[in-house]
Amino acid sequence: MTTPPTNAGNGGAQTPGTTPHPRPGVLPLPERGARATTAAAALATAASTALAWTWSSEFPGDLTYYGSPAGLQLITLAGSVLTLLLALSGLGVRGLGWLTPAGRNAPVLFAALATFAVTWFTLGAIAVGLGGLVNLDPGGFLAGAAALVTLLGALGLPADRTAAEGPETGPPPGAWHRFTGALAPVPLRKPARPLPSWAEILVIAAAFGAGLYAFTYGIDAEDGPPFVGYLIFIALAVPALHRAGLIGRLTGITARHRGVALAAAFAAAACFPLTQDTDQYTIIGANILIFATVALGLNVVVGLAGLLDLGYVAFLGVGAYAAALVSGSPESALGLHFPFWAALLTGAAASLVFGVLIGAPTLRLRGDYLAIVTLGFGEIFRIAMLNLNGTTGPDVTNGAMGIPNVPNLEIFGFNFGQPHEILGFTIATYGNYYLLMILVTAVVVLVFRRAAASRIGRAWIAIREDETAAIAMGINSFRLRLLAFALGAALAGFAGTVHVHVVTTATPEQFQFAGPTPPNSAFLLAAVILGGMGTLAGPFVGAALLFLIPAKLDFLQDYQLLLFGLALVLLMRFRPEGLIPDRRKQLEFHETGQLDVPDTRLPDGGQASVKA
């Protein structure tokens, strides 16, 4: 039995009956002095953003102005303000205690590290891009020095004690152990004071509004150093908020108001086209939603039922080709022009039929054998589409030329190929399709939530965890696995119908196993694993990262797959359960004495946590 520590956020206070060693920081500094140094240096870093960092306006963002932070200076300002607030909370400033319900030291360290990393990356990019340190103004040197002192002060803070550790009675750990100990998860120091329901709803609205702003800022950032700096900041600021306990509290609030949270999420997503003047990034948003919807269908197969499908993109292709054949393309061999709702049902039904036909003879296989068969199906589909060209087979798909010129949708007189005025905002072509994908995604999310919370969903999870035990309890494993395969295929076909109207063509090259850009089977599977298998939000986070980052880092095109592989290796090493983990996966990969993990899988239940 583990004795819960007291005052975990202050480096671990003594537990009655024990005399634990103090847990000093990486640098031997007094705790209060280190915290005051961090706060003062963070304030200096924030002030430095009002100065010019370079005299040349050639650097992206134009950091030559006084009193007007711009570009990466704004990110440094955000990081320094976050560090200052967290440090002041640790100093006991009244009114700021709610910022650090889980820990007061590790959040400051992460925030200081984010500020330091962005600031020094910016200064390095200026020096490299413009030809040396001579291009830096005094404001840049001041920012670099202040950010460095901020980090050094944060390294002097003691590591937050975790619930799994309990009272520490052995010798003090080494410097590296102290640093990595600061990265371990910690529970809330004390139960959070409950808020009124109306206040919690306002918190949800504010959180999704902030998320929309952060996403819009990142997608609008210039390619190159500005976007890389944004990624660096997000990668370190999010763990700071997590270690502070703010993300945990927000998760608990959304668990108590799931319907409101979903409505707020879709409302924030629907507002994205209103923030864009052109289609340059709206098409990226539409493709992210298509990719995420397909990944959510794959999440039924992989995340809930535990079936490794390496050819899932073929079902997206089946839906796309079926819709292209009946949507009025002049190159269609069938010459049909169904209304959109009929084309949507045709694509979903075609994918469902293929899912049953492929799954019936193969789902008696398990593990690697099933993966090999599904990989073969994906390649067979692509090759078959190439050969149905009138020469090596019937003239159905036009071979490598595909089915081009799929006309724009028109629903109830609303032409998706023309700009429209909505609430005084001009929505361009891809903005129309983006809003359509919001509706399609809502339907897919509803299906996933109901399936995951149903008796069938619980049976899928039982099969995933231990198929032999599930069969022993009377679960028809084959029938339920086939149902999961068919449902996942139908959802992919559902998204494929919209996909073919967005890109206006269907070609075999779009549906490969692997390639430099999504959608393909490898990226779809990676999106599910990266975001978190079995969760609702996981595929959306994974899809957004895997689609947005390659689109914004086009200058690294030759190294994208190398960086993608390296990122997956690091993820599997440090976060194998995914960015938004299912509680079972969290417990499976982390052996902790006490772990508070919100239940992100059961959509209709209340918040649940596991005490291991």
# chains A, B, ... in the order shown; residues from 1 in each chain; ligands from 1
$ residues_around --residues "A:Glu31" --least-positions-apart "2" --cutoff "6 Å" --atoms "only C-alpha atoms" --output "list in words"
Gly33, Ala34 and Leu157 of chain A
$ write_last_selection --atoms "C-alpha atoms" --output "compact mmCIF listing (two decimals), in the first residue's frame"
# COMPACT_ATOMS: atom_id res chain seq x y z
CA GLY A 33 15.55 31.55 -4.49
CA ALA A 34 15.33 29.40 -7.61
CA LEU A 157 13.63 23.65 -8.34
$ residues_around --residues "A:Ile383" --least-positions-apart "2" --cutoff "12 Å" --atoms "only C-alpha atoms" --output "ChimeraX atom specification"
/A:314,317,376-381,385-389,392-393,397,399-400,507-509,511-513
$ atom_distance --atom1 "atom CA of A:Phe291" --atom2 "atom CA of A:His420"
25.1 Å
$ closest_residue --among "A:Tyr430, A:Phe121, A:Phe412, A:Phe110" --to "A:Leu236" --atoms "only C-alpha atoms"
A:Phe110
$ residues_around --residues "stretch 482-487 of chain A" --least-positions-apart "6" --cutoff "7 Å" --atoms "only C-alpha atoms" --output "VMD selection string"
chain A and resid 300 to 301 305 352 355 to 356 359 to 360 363
$ closest_residue --among "A:Leu579, A:Ala199, A:Leu99, A:Ile284" --to "A:Gly431" --atoms "only C-alpha atoms"
A:Ile284
$ select_by_dssp --residues "stretch 191-354 of chain A" --states "alpha helix (DSSP H)" --output "JSON, numbers by chain"
{"A": [197, 198, 199, 200, 201, 202, 203, 204, 205, 206, 207, 208, 209, 210, 211, 212, 213, 214, 215, 216, 217, 218, 219, 220, 225, 226, 227, 228, 229, 230, 231, 232, 233, 234, 235, 236, 237, 238, 239, 240, 241, 242, 243, 244, 246, 247, 248, 249, 250, 251, 252, 253, 254, 255, 256, 258, 259, 260, 261, 262, 263, 264, 265, 266, 267, 268, 269, 270, 282, 283, 284, 285, 286, 287, 288, 289, 290, 291, 292, 293, 294, 295, 296, 297, 298, 299, 313, 314, 315, 316, 317, 318, 319, 320, 321, 322, 323, 324, 325, 326, 340, 341, 342, 343, 344, 345, 346, 347, 348, 349, 350, 351, 352, 353, 354]}
$ atom_distance --atom1 "atom CA of A:Val498" --atom2 "atom CA of A:Phe448"
18.7 Å
$ residues_around --residues "A:Leu308" --least-positions-apart "4" --cutoff "9 Å" --atoms "only C-alpha atoms" --output "list in words"
Val301, Val302, Arg366, Gly367, Asp368, Leu370, Ala371, Thr374 and Leu525 of chain A
$ residues_around --residues "A:Ala322" --least-positions-apart "4" --cutoff "7 Å" --atoms "only C-alpha atoms" --output "PyMOL selection string"
chain A and resi 318+326+346-347+350
